[in-house]
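Heads up, coords-v8.pdb below (PDB, C-alpha atoms):
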```
MODEL        1
ATOM      1  CA  MET A 285       6.281  11.401  16.533
ATOM      2  CA  LYS A 286       4.173  12.439  19.530
ATOM      3  CA  ASP A 287       1.007  12.010  17.494
ATOM      4  CA  GLU A 288       1.933   8.508  16.390
ATOM      5  CA  LEU A 289       2.883   7.438  19.914
ATOM      6  CA  ALA A 290      -0.331   8.971  21.238
ATOM      7  CA  GLY A 291      -2.236   6.987  18.615
ATOM      8  CA  ALA A 292      -0.528   3.801  19.758
ATOM      9  CA  LEU A 293      -1.382   4.661  23.350
ATOM     10  CA  ALA A 294      -5.058   5.153  22.473
ATOM     11  CA  ALA A 295      -5.072   1.786  20.690
ATOM     12  CA  GLU A 296      -3.440   0.031  23.642
ATOM     13  CA  GLU A 297      -5.920   1.598  26.068
ATOM     14  CA  ALA A 298      -8.809   0.437  23.905
ATOM     15  CA  ALA A 299      -7.318  -3.068  23.763
ATOM     16  CA  ILE A 300      -7.013  -3.285  27.549
ATOM     17  CA  TRP A 301     -10.604  -2.186  27.885
ATOM     18  CA  ALA A 302     -11.836  -4.619  25.230
ATOM     19  CA  TYR A 303     -10.068  -7.654  26.673
ATOM     20  CA  GLY A 304     -11.980  -7.065  29.887
ATOM     21  CA  LEU A 305     -15.155  -7.803  27.917
ATOM     22  CA  ILE A 306     -13.710 -10.496  25.705
ATOM     23  CA  GLY A 307     -12.364 -12.768  28.419
ATOM     24  CA  VAL A 308     -15.674 -13.536  30.108
ATOM     25  CA  HIS A 309     -17.152 -14.931  26.890
ATOM     26  CA  LEU A 310     -14.286 -17.291  26.167
ATOM     27  CA  ARG A 311     -13.878 -20.866  27.313
ATOM     28  CA  GLU A 312     -12.193 -21.342  30.630
ATOM     29  CA  GLY A 313      -8.625 -22.499  30.462
ATOM     30  CA  ALA A 314      -6.422 -21.939  27.425
ATOM     31  CA  GLU A 315      -8.719 -19.406  25.747
ATOM     32  CA  GLN A 316      -9.125 -17.204  28.788
ATOM     33  CA  ASP A 317      -5.406 -17.547  29.506
ATOM     34  CA  GLN A 318      -4.701 -16.312  25.994
ATOM     35  CA  ALA A 319      -6.928 -13.291  26.565
ATOM     36  CA  ARG A 320      -5.264 -12.565  29.901
ATOM     37  CA  ALA A 321      -1.795 -12.832  28.386
ATOM     38  CA  ALA A 322      -2.848 -10.477  25.587
ATOM     39  CA  GLU A 323      -4.258  -7.969  28.062
ATOM     40  CA  ASP A 324      -1.028  -8.106  30.091
ATOM     41  CA  ALA A 325       1.047  -7.520  26.962
ATOM     42  CA  HIS A 326      -1.070  -4.490  26.087
ATOM     43  CA  ARG A 327      -0.654  -3.141  29.620
ATOM     44  CA  VAL A 328       3.131  -3.364  29.336
ATOM     45  CA  ARG A 329       3.013  -1.505  26.011
ATOM     46  CA  ARG A 330       0.623   1.072  27.472
ATOM     47  CA  ASP A 331       2.847   1.766  30.486
ATOM     48  CA  ASP A 332       5.880   2.054  28.242
ATOM     49  CA  LEU A 333       4.108   4.543  25.978
ATOM     50  CA  VAL A 334       2.990   6.645  28.936
ATOM     51  CA  GLU A 335       6.640   6.885  29.998
ATOM     52  CA  GLN A 336       7.833   7.765  26.507
ATOM     53  CA  LEU A 337       5.214  10.456  26.110
ATOM     54  CA  ALA A 338       6.083  11.864  29.524
ATOM     55  CA  ALA A 339       9.728  12.037  28.446
ATOM     56  CA  LEU A 340       8.600  13.961  25.365
ATOM     57  CA  ARG A 341       6.639  16.244  27.664
ATOM     58  CA  ALA A 342       3.549  15.420  25.686
ATOM     59  CA  GLY A 343       0.405  15.365  27.726
ATOM     60  CA  THR A 344      -1.311  12.046  27.251
ATOM     61  CA  ALA A 345      -4.743  12.403  25.796
ATOM     62  CA  PRO A 346      -7.500  12.017  28.330
ATOM     63  CA  THR A 347      -9.063   8.589  28.274
ATOM     64  CA  PRO A 348     -12.366   8.825  26.446
ATOM     65  CA  ALA A 349     -15.361   8.744  28.748
ATOM     66  CA  GLY A 350     -16.664   5.622  27.123
ATOM     67  CA  TYR A 351     -15.793   3.280  24.309
ATOM     68  CA  GLU A 352     -18.342   2.175  21.808
ATOM     69  CA  LEU A 353     -18.263  -1.417  20.664
ATOM     70  CA  PRO A 354     -18.307  -1.936  16.894
ATOM     71  CA  PHE A 355     -20.939  -4.638  17.477
ATOM     72  CA  PRO A 356     -22.551  -6.194  20.546
ATOM     73  CA  VAL A 357     -20.326  -8.740  22.269
ATOM     74  CA  THR A 358     -22.679 -11.366  23.593
ATOM     75  CA  ASP A 359     -21.001 -14.731  23.124
ATOM     76  CA  ARG A 360     -17.753 -16.510  22.267
ATOM     77  CA  ALA A 361     -18.027 -15.844  18.527
ATOM     78  CA  THR A 362     -18.504 -12.090  18.904
ATOM     79  CA  ALA A 363     -15.805 -11.965  21.604
ATOM     80  CA  LEU A 364     -13.304 -13.625  19.252
ATOM     81  CA  LYS A 365     -14.357 -11.311  16.441
ATOM     82  CA  LEU A 366     -13.703  -8.297  18.674
ATOM     83  CA  ALA A 367     -10.307  -9.688  19.709
ATOM     84  CA  VAL A 368      -9.306  -9.961  16.046
ATOM     85  CA  GLN A 369     -10.501  -6.430  15.340
ATOM     86  CA  ILE A 370      -8.700  -5.039  18.386
ATOM     87  CA  GLU A 371      -5.377  -6.629  17.443
ATOM     88  CA  ASP A 372      -5.705  -5.474  13.830
ATOM     89  CA  GLY A 373      -6.340  -1.949  15.138
ATOM     90  CA  VAL A 374      -3.352  -2.012  17.486
ATOM     91  CA  ALA A 375      -1.184  -3.243  14.612
ATOM     92  CA  GLN A 376      -2.324  -0.296  12.494
ATOM     93  CA  ALA A 377      -1.481   2.178  15.233
ATOM     94  CA  TRP A 378       2.024   0.783  15.715
ATOM     95  CA  ARG A 379       2.723   0.646  12.000
ATOM     96  CA  THR A 380       2.442   4.439  11.830
ATOM     97  CA  VAL A 381       5.170   4.673  14.486
ATOM     98  CA  LEU A 382       7.735   2.898  12.252
ATOM     99  CA  PRO A 383       8.511   5.784   9.850
ATOM    100  CA  VAL A 384       8.842   8.341  12.648
ATOM    101  CA  THR A 385      11.277   6.351  14.797
ATOM    102  CA  GLU A 386      14.733   4.872  14.364
ATOM    103  CA  SER A 387      16.924   2.062  15.647
ATOM    104  CA  THR A 388      15.790   0.494  18.934
ATOM    105  CA  GLN A 389      12.657   2.592  19.164
ATOM    106  CA  ARG A 390      11.608   1.430  15.705
ATOM    107  CA  ALA A 391      12.522  -2.161  16.555
ATOM    108  CA  ASP A 392      10.269  -1.866  19.577
ATOM    109  CA  ALA A 393       7.374  -0.557  17.487
ATOM    110  CA  LEU A 394       7.924  -3.401  15.028
ATOM    111  CA  SER A 395       7.760  -5.913  17.889
ATOM    112  CA  ALA A 396       4.440  -4.423  18.954
ATOM    113  CA  LEU A 397       3.104  -4.586  15.386
ATOM    114  CA  THR A 398       4.337  -8.154  14.950
ATOM    115  CA  GLU A 399       2.951  -9.384  18.268
ATOM    116  CA  SER A 400      -0.468  -7.943  17.453
ATOM    117  CA  ALA A 401      -0.429  -9.605  14.036
ATOM    118  CA  VAL A 402       0.473 -12.941  15.639
ATOM    119  CA  ARG A 403      -2.243 -12.585  18.297
ATOM    120  CA  ALA A 404      -4.806 -11.715  15.612
ATOM    121  CA  THR A 405      -3.854 -14.943  13.835
ATOM    122  CA  LYS A 406      -4.272 -16.933  17.056
ATOM    123  CA  TRP A 407      -7.762 -15.485  17.542
ATOM    124  CA  ARG A 408      -8.693 -16.155  13.908
ATOM    125  CA  LYS A 409      -7.625 -19.751  14.415
ATOM    126  CA  LEU A 410      -9.899 -20.138  17.441
ATOM    127  CA  ALA A 411     -12.736 -18.405  15.592
ATOM    128  CA  ARG A 412     -12.081 -20.590  12.516
ATOM    129  CA  LEU A 413     -11.875 -17.483  10.364
ATOM    130  CA  THR A 414     -10.042 -17.735   7.056
ATOM    131  CA  PRO A 415      -7.618 -16.649   5.893
ATOM    132  CA  LEU A 416      -5.705 -16.722   9.155
ATOM    133  CA  THR A 417      -3.446 -13.854   8.173
ATOM    134  CA  LEU A 418      -3.574 -10.415   6.564
ATOM    135  CA  ILE A 419      -1.404  -9.723   3.539
ATOM    136  CA  PHE A 420      -0.011  -6.498   5.015
ATOM    137  CA  PRO A 421      -0.661  -6.485   8.775
ATOM    138  CA  GLY A 422      -1.122  -2.954  10.051
ATOM    139  CA  ARG A 423      -1.875  -1.444   6.660
ATOM    140  CA  PRO A 424      -5.220   0.334   6.888
ATOM    141  CA  THR A 425      -7.862  -1.410   4.840
ATOM    142  CA  ALA A 426      -9.390   1.042   2.422
TER
ATOM    143  CA  MET B 116      16.984  10.732  20.937
ATOM    144  CA  VAL B 117      13.442  11.921  20.647
ATOM    145  CA  LEU B 118      13.784  14.349  17.803
ATOM    146  CA  THR B 119      11.714  14.887  14.747
ATOM    147  CA  GLY B 120      13.199  14.379  11.291
ATOM    148  CA  SER B 121      13.567  18.072  10.565
ATOM    149  CA  VAL B 122      15.243  18.829  13.875
ATOM    150  CA  ARG B 123      17.646  15.973  13.365
ATOM    151  CA  MET B 124      18.526  17.275   9.908
ATOM    152  CA  SER B 125      19.387  20.706  11.191
ATOM    153  CA  ASP B 126      21.371  19.217  14.059
ATOM    154  CA  SER B 127      23.390  17.200  11.622
ATOM    155  CA  GLY B 128      23.894  20.277   9.493
ATOM    156  CA  HIS B 129      25.551  21.949  12.444
ATOM    157  CA  THR B 130      27.734  18.933  12.926
ATOM    158  CA  ARG B 131      28.832  19.078   9.328
ATOM    159  CA  ARG B 132      29.716  22.765   9.452
ATOM    160  CA  ARG B 133      31.659  22.270  12.623
ATOM    161  CA  VAL B 134      33.593  19.321  11.305
ATOM    162  CA  LEU B 135      34.304  20.916   7.934
ATOM    163  CA  GLY B 136      35.319  24.101   9.675
ATOM    164  CA  ALA B 137      37.905  22.101  11.536
ATOM    165  CA  GLY B 138      39.296  21.096   8.170
ATOM    166  CA  GLY B 139      38.362  17.446   8.382
ATOM    167  CA  ALA B 140      36.463  16.947   5.140
ATOM    168  CA  LEU B 141      36.864  13.185   5.217
ATOM    169  CA  ALA B 142      35.946  12.996   8.880
ATOM    170  CA  GLY B 143      32.902  15.090   8.002
ATOM    171  CA  LEU B 144      31.756  12.566   5.438
ATOM    172  CA  VAL B 145      32.206   9.740   7.879
ATOM    173  CA  THR B 146      30.249  11.636  10.486
ATOM    174  CA  LEU B 147      27.467  12.342   8.049
ATOM    175  CA  SER B 148      27.079   8.782   6.869
ATOM    176  CA  GLY B 149      27.309   7.647  10.456
ATOM    177  CA  CYS B 150      24.435   9.920  11.364
ATOM    178  CA  GLY B 151      22.382   8.432   8.587
ATOM    179  CA  ILE B 152      20.951  11.775   7.607
ATOM    180  CA  PHE B 153      20.860  10.679   3.988
ATOM    181  CA  GLY B 154      18.367   8.041   5.032
ATOM    182  CA  ASP B 155      15.409   9.982   3.715
ATOM    183  CA  ASP B 156      17.109  11.321   0.631
ATOM    184  CA  HIS B 157      16.643   8.296  -1.631
ATOM    185  CA  GLU B 158      20.267   8.395  -2.740
ATOM    186  CA  PRO B 159      20.862   5.579  -5.180
ATOM    187  CA  PRO B 160      22.848   3.145  -3.061
ATOM    188  CA  ALA B 161      25.932   1.503  -4.425
ATOM    189  CA  GLY B 162      25.434  -2.202  -4.962
ATOM    190  CA  PRO B 163      22.202  -4.142  -4.645
ATOM    191  CA  ASP B 164      19.231  -2.530  -2.959
ATOM    192  CA  PRO B 165      19.082  -3.412   0.757
ATOM    193  CA  LEU B 166      15.538  -4.701   0.231
ATOM    194  CA  ARG B 167      16.668  -7.128  -2.477
ATOM    195  CA  PRO B 168      17.185 -10.012   0.004
ATOM    196  CA  VAL B 169      13.669  -9.422   1.374
ATOM    197  CA  LEU B 170      12.287  -9.569  -2.168
ATOM    198  CA  ASP B 171      14.251 -12.716  -3.035
ATOM    199  CA  GLU B 172      13.003 -14.393   0.125
ATOM    200  CA  ALA B 173       9.397 -13.488  -0.691
ATOM    201  CA  LEU B 174       9.702 -15.160  -4.088
ATOM    202  CA  ALA B 175      11.504 -18.190  -2.649
ATOM    203  CA  LEU B 176       8.800 -18.578   0.014
ATOM    204  CA  ALA B 177       5.995 -18.291  -2.544
ATOM    205  CA  ALA B 178       7.664 -21.010  -4.608
ATOM    206  CA  ALA B 179       8.192 -23.190  -1.536
ATOM    207  CA  TYR B 180       4.474 -22.993  -0.656
ATOM    208  CA  ASP B 181       3.619 -23.967  -4.234
ATOM    209  CA  ARG B 182       5.866 -27.027  -4.020
ATOM    210  CA  VAL B 183       4.252 -28.166  -0.774
ATOM    211  CA  VAL B 184       0.756 -27.703  -2.232
ATOM    212  CA  LEU B 185       1.794 -29.561  -5.383
ATOM    213  CA  ALA B 186       2.879 -32.505  -3.252
ATOM    214  CA  ASP B 187      -0.308 -32.456  -1.153
ATOM    215  CA  GLN B 188      -3.357 -30.787  -2.718
ATOM    216  CA  THR B 189      -5.339 -31.069   0.526
ATOM    217  CA  LEU B 190      -3.159 -28.259   1.927
ATOM    218  CA  SER B 191      -4.129 -25.865  -0.859
ATOM    219  CA  ALA B 192      -6.902 -23.955   0.947
ATOM    220  CA  ARG B 193      -4.701 -23.451   3.984
ATOM    221  CA  LEU B 194      -1.477 -22.514   2.229
ATOM    222  CA  THR B 195      -2.526 -20.659  -0.914
ATOM    223  CA  PRO B 196      -3.404 -17.374   0.874
ATOM    224  CA  MET B 197       0.107 -17.252   2.329
ATOM    225  CA  SER B 198       1.709 -17.994  -1.007
ATOM    226  CA  GLN B 199      -0.360 -15.170  -2.499
ATOM    227  CA  ALA B 200       0.712 -12.868   0.334
ATOM    228  CA  HIS B 201       4.380 -13.487  -0.488
ATOM    229  CA  ARG B 202       3.715 -12.679  -4.138
ATOM    230  CA  ALA B 203       1.960  -9.454  -3.107
ATOM    231  CA  HIS B 204       4.961  -8.593  -0.913
ATOM    232  CA  ALA B 205       7.334  -9.274  -3.797
ATOM    233  CA  ALA B 206       5.317  -7.059  -6.141
ATOM    234  CA  GLU B 207       5.340  -4.152  -3.671
ATOM    235  CA  LEU B 208       9.043  -4.569  -2.962
ATOM    236  CA  ALA B 209       9.846  -4.642  -6.674
ATOM    237  CA  ARG B 210       7.872  -1.426  -7.132
ATOM    238  CA  VAL B 211       9.712   0.285  -4.259
ATOM    239  CA  ILE B 212      13.120  -0.961  -5.382
ATOM    240  CA  GLY B 213      12.352  -0.042  -8.975
ATOM    241  CA  THR B 214      12.983  -3.436 -10.474
ATOM    242  CA  THR B 215      10.967  -6.035 -12.329
ATOM    243  CA  LEU B 216      10.118  -9.407 -10.887
ATOM    244  CA  PRO B 217      12.065 -12.334 -12.297
ATOM    245  CA  SER B 218       9.814 -14.825 -14.059
ATOM    246  CA  ALA B 219      11.290 -17.859 -12.320
ATOM    247  CA  ALA B 220      11.606 -17.888  -8.565
ATOM    248  CA  PRO B 221      14.916 -18.928  -7.104
ATOM    249  CA  THR B 222      14.833 -22.395  -5.602
ATOM    250  CA  ALA B 223      16.474 -22.686  -2.246
ATOM    251  CA  ALA B 224      19.005 -25.486  -2.279
ATOM    252  CA  GLY B 225      17.997 -28.400  -0.094
ATOM    253  CA  ALA B 226      14.595 -26.871   0.567
ATOM    254  CA  ASP B 227      12.477 -28.808   3.013
ATOM    255  CA  ASN B 228       9.105 -29.213   1.290
ATOM    256  CA  THR B 229       7.020 -29.725   4.395
ATOM    257  CA  VAL B 230       4.768 -27.468   6.470
ATOM    258  CA  ALA B 231       7.383 -27.573   9.237
ATOM    259  CA  GLY B 232      10.001 -26.535   6.693
ATOM    260  CA  LEU B 233       7.827 -23.611   5.602
ATOM    261  CA  ARG B 234       7.488 -22.524   9.213
ATOM    262  CA  THR B 235      11.256 -22.548   9.726
ATOM    263  CA  ALA B 236      11.698 -20.560   6.510
ATOM    264  CA  GLU B 237       9.068 -18.013   7.579
ATOM    265  CA  LEU B 238      10.801 -17.416  10.903
ATOM    266  CA  ALA B 239      14.176 -16.947   9.207
ATOM    267  CA  ALA B 240      12.596 -14.600   6.660
ATOM    268  CA  GLN B 241      10.918 -12.643   9.458
ATOM    269  CA  LYS B 242      14.368 -11.911  10.900
ATOM    270  CA  THR B 243      15.633 -10.652   7.543
ATOM    271  CA  ALA B 244      12.644  -8.347   7.150
ATOM    272  CA  ALA B 245      12.853  -7.091  10.745
ATOM    273  CA  ALA B 246      16.531  -6.192  10.280
ATOM    274  CA  ALA B 247      15.724  -4.502   6.957
ATOM    275  CA  CYS B 248      12.909  -2.538   8.617
ATOM    276  CA  LYS B 249      15.232  -1.302  11.337
ATOM    277  CA  ALA B 250      17.792  -0.133   8.769
ATOM    278  CA  ALA B 251      15.315   1.257   6.229
ATOM    279  CA  PRO B 252      14.727   4.923   5.445
ATOM    280  CA  ALA B 253      11.455   6.261   6.836
ATOM    281  CA  ALA B 254       9.618   5.950   3.528
ATOM    282  CA  ARG B 255      10.170   2.192   3.438
ATOM    283  CA  ALA B 256       9.811   1.325   7.127
ATOM    284  CA  ALA B 257       6.062   0.682   7.184
ATOM    285  CA  LEU B 258       6.061  -1.625   4.164
ATOM    286  CA  VAL B 259       8.968  -3.737   5.359
ATOM    287  CA  GLY B 260       7.531  -3.762   8.888
ATOM    288  CA  SER B 261       4.233  -5.135   7.602
ATOM    289  CA  ILE B 262       6.115  -7.812   5.680
ATOM    290  CA  ALA B 263       8.042  -8.834   8.816
ATOM    291  CA  ALA B 264       4.765  -9.017  10.776
ATOM    292  CA  ALA B 265       3.122 -11.017   7.983
ATOM    293  CA  ARG B 266       5.923 -13.584   8.028
ATOM    294  CA  ALA B 267       5.593 -13.944  11.806
ATOM    295  CA  SER B 268       1.829 -14.416  11.486
ATOM    296  CA  HIS B 269       2.355 -17.025   8.752
ATOM    297  CA  ALA B 270       4.634 -18.941  11.096
ATOM    298  CA  GLU B 271       1.867 -18.794  13.701
ATOM    299  CA  ALA B 272      -0.740 -19.946  11.181
ATOM    300  CA  LEU B 273       1.453 -22.962  10.317
ATOM    301  CA  ARG B 274       1.717 -24.137  13.910
TER
ENDMDL
END
```

Would you put the structure from the file into structure tokens?
Amino acid sequence: MKDELAGALAAEEAAIWAYGLIGVHLREGAEQDQARAAEDAHRVRRDDLVEQLAALRAGTAPTPAGYELPFPVTDRATALKLAVQIEDGVAQAWRTVLPVTESTQRADALSALTESAVRATKWRKLARLTPLTLIFPGRPTA
Amino acid sequence: MVLTGSVRMSDSGHTRRRVLGAGGALAGLVTLSGCGIFGDDHEPPAGPDPLRPVLDEALALAAAYDRVVLADQTLSARLTPMSQAHRAHAAELARVIGTTLPSAAPTAAGADNTVAGLRTAELAAQKTAAAACKAAPAARAALVGSIAAARASHAEALR
């Protein structure tokens, strides 16, 4: 279970980092608020995971020295595209936590997966990407 | 609470020996089922499969989307992917349960054939899937979790 939680932590860290870049390219107001709310949600999940891993006496993996963007983020369109990709990635990380947890811990992981899937849909809507949803959110795409 | 599957199994094994040693065979069975250690064993459950309601809902939702599209073709591009998603969910669930899909989808009585009605149905179905995910054995948790998340994202897409 440590590995899965550590994977979720890495995904949440990456999301927090990415939203720092995404926000500045979005329209002021509702769009930037949405990015800020997403970043806050990822911070809460991150802090929670750090605590859980500490309780497991698992050292948290060192934060990588630098992240590499999958593509240059230069404008609103690429920022929205990155937001979608980030949320899809976080959903994948949390999905792997489901089989290795039970009861409330699993319910918590499912909430994280679900919230990422919903946020990805919100970003797709703003980006006018179709379809708005994935068939199996969190399932790795082959 | 933070134990791996194998550790939990051996813990429960100790519990069983202790309880049986005390002469409480029935109490031992209760303890074992209470621990849920058979969760990963794929024991054929008595009665309908716990994922059956999730499967039925997937088919009912797919049919509900079709009815809304039939009434208003302009919604087809927006709604068809979600209808297809429900059919894909149903197919996977049928495979996991080990059943075949019924040819005719059940029609929910008094179904509300509007986009708002679909949204309400998605949110209700999300709750069913989330509860099923929480109760599912490990091997099924990811699939049912993805289905719960999909239903929530459909509800968001319909806003």

Hey, list the chain B side of the contact with chain A: 10 Å cut-off, only C-alpha atoms, answer as a PDB file with C-alpha atoms, in the frame of the given file.
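Generated file (out_4.pdb):
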```pdb
ATOM      1  CA  MET B 116      16.984  10.732  20.937  1.00  0.00           C
ATOM      2  CA  VAL B 117      13.442  11.921  20.647  1.00  0.00           C
ATOM      3  CA  LEU B 118      13.784  14.349  17.803  1.00  0.00           C
ATOM      4  CA  THR B 119      11.714  14.887  14.747  1.00  0.00           C
ATOM      5  CA  GLY B 120      13.199  14.379  11.291  1.00  0.00           C
ATOM      6  CA  ALA B 192      -6.902 -23.955   0.947  1.00  0.00           C
ATOM      7  CA  ARG B 193      -4.701 -23.451   3.984  1.00  0.00           C
ATOM      8  CA  LEU B 194      -1.477 -22.514   2.229  1.00  0.00           C
ATOM      9  CA  THR B 195      -2.526 -20.659  -0.914  1.00  0.00           C
ATOM     10  CA  PRO B 196      -3.404 -17.374   0.874  1.00  0.00           C
ATOM     11  CA  MET B 197       0.107 -17.252   2.329  1.00  0.00           C
ATOM     12  CA  SER B 198       1.709 -17.994  -1.007  1.00  0.00           C
ATOM     13  CA  GLN B 199      -0.360 -15.170  -2.499  1.00  0.00           C
ATOM     14  CA  ALA B 200       0.712 -12.868   0.334  1.00  0.00           C
ATOM     15  CA  HIS B 201       4.380 -13.487  -0.488  1.00  0.00           C
ATOM     16  CA  ARG B 202       3.715 -12.679  -4.138  1.00  0.00           C
ATOM     17  CA  ALA B 203       1.960  -9.454  -3.107  1.00  0.00           C
ATOM     18  CA  HIS B 204       4.961  -8.593  -0.913  1.00  0.00           C
ATOM     19  CA  GLN B 241      10.918 -12.643   9.458  1.00  0.00           C
ATOM     20  CA  ALA B 245      12.853  -7.091  10.745  1.00  0.00           C
ATOM     21  CA  ALA B 246      16.531  -6.192  10.280  1.00  0.00           C
ATOM     22  CA  CYS B 248      12.909  -2.538   8.617  1.00  0.00           C
ATOM     23  CA  LYS B 249      15.232  -1.302  11.337  1.00  0.00           C
ATOM     24  CA  ALA B 250      17.792  -0.133   8.769  1.00  0.00           C
ATOM     25  CA  ALA B 251      15.315   1.257   6.229  1.00  0.00           C
ATOM     26  CA  PRO B 252      14.727   4.923   5.445  1.00  0.00           C
ATOM     27  CA  ALA B 253      11.455   6.261   6.836  1.00  0.00           C
ATOM     28  CA  ALA B 254       9.618   5.950   3.528  1.00  0.00           C
ATOM     29  CA  ARG B 255      10.170   2.192   3.438  1.00  0.00           C
ATOM     30  CA  ALA B 256       9.811   1.325   7.127  1.00  0.00           C
ATOM     31  CA  ALA B 257       6.062   0.682   7.184  1.00  0.00           C
ATOM     32  CA  LEU B 258       6.061  -1.625   4.164  1.00  0.00           C
ATOM     33  CA  VAL B 259       8.968  -3.737   5.359  1.00  0.00           C
ATOM     34  CA  GLY B 260       7.531  -3.762   8.888  1.00  0.00           C
ATOM     35  CA  SER B 261       4.233  -5.135   7.602  1.00  0.00           C
ATOM     36  CA  ILE B 262       6.115  -7.812   5.680  1.00  0.00           C
ATOM     37  CA  ALA B 263       8.042  -8.834   8.816  1.00  0.00           C
ATOM     38  CA  ALA B 264       4.765  -9.017  10.776  1.00  0.00           C
ATOM     39  CA  ALA B 265       3.122 -11.017   7.983  1.00  0.00           C
ATOM     40  CA  ARG B 266       5.923 -13.584   8.028  1.00  0.00           C
ATOM     41  CA  ALA B 267       5.593 -13.944  11.806  1.00  0.00           C
ATOM     42  CA  SER B 268       1.829 -14.416  11.486  1.00  0.00           C
ATOM     43  CA  HIS B 269       2.355 -17.025   8.752  1.00  0.00           C
ATOM     44  CA  ALA B 270       4.634 -18.941  11.096  1.00  0.00           C
ATOM     45  CA  GLU B 271       1.867 -18.794  13.701  1.00  0.00           C
ATOM     46  CA  ALA B 272      -0.740 -19.946  11.181  1.00  0.00           C
ATOM     47  CA  LEU B 273       1.453 -22.962  10.317  1.00  0.00           C
ATOM     48  CA  ARG B 274       1.717 -24.137  13.910  1.00  0.00           C
TER      49      ARG B 274
END
```

For this session: Could you expand the PyMOL selection byres ((chain A and resi 360) around 6) into the explicit residues it covers here, written as a VMD selection string?
Result: chain A and resid 309 to 310 359 361 to 363

Problem set entry | Nearest to Arg234 (chain B) by atom-to-atom distance, counting only C-alpha atoms, from B:Ile212, B:Ala247, B:Leu176, B:Leu185 |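 Closest to Arg234 (chain B) of all the choices is B:Leu176.
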
Problem set entry | Straight-line distance linking CA of Val334 (chain A) with CA of Leu289 (chain A), stated in Å to one decimal |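 Separating CA of Val334 (chain A) from CA of Leu289 (chain A) is a distance of 9.1 Å.
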
For this session: Could you tell me which residues the PyMOL selection byres ((chain B and resi 208) around 9) grabs in this file, written as a list in words?
Result: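 Against this file, the PyMOL selection byres ((chain B and resi 208) around 9) returns the residues Leu166, Arg167, Val169, Leu170, Ala203, His204, Ala205, Ala206, Glu207, Ala209, Arg210, Val211, Ile212, Gly213, Thr214, Leu258 and Val259 of chain B.
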
For this session: Take the point (-4.8, 5.3, 19.5) as written in the file and pick out every residue within 12 Å of it, counting all atoms listed in the file; give the list as a PyMOL selection string.
Result: chain A and resi 286-300+330+333+344-348+370+373-381

Problem set entry | Selection dump of the PyMOL selection byres ((chain B and resi 182) around 12), as a ChimeraX atom specification | /B:175-181,183-188,190-191,194-195,198,220,222-223,226-230,232-233

For this session: Please measure the separation of CA of Glu172 (chain B) and CA of Trp407 (chain A), giving the value in Å to one decimal.
Result: 27.1 Å
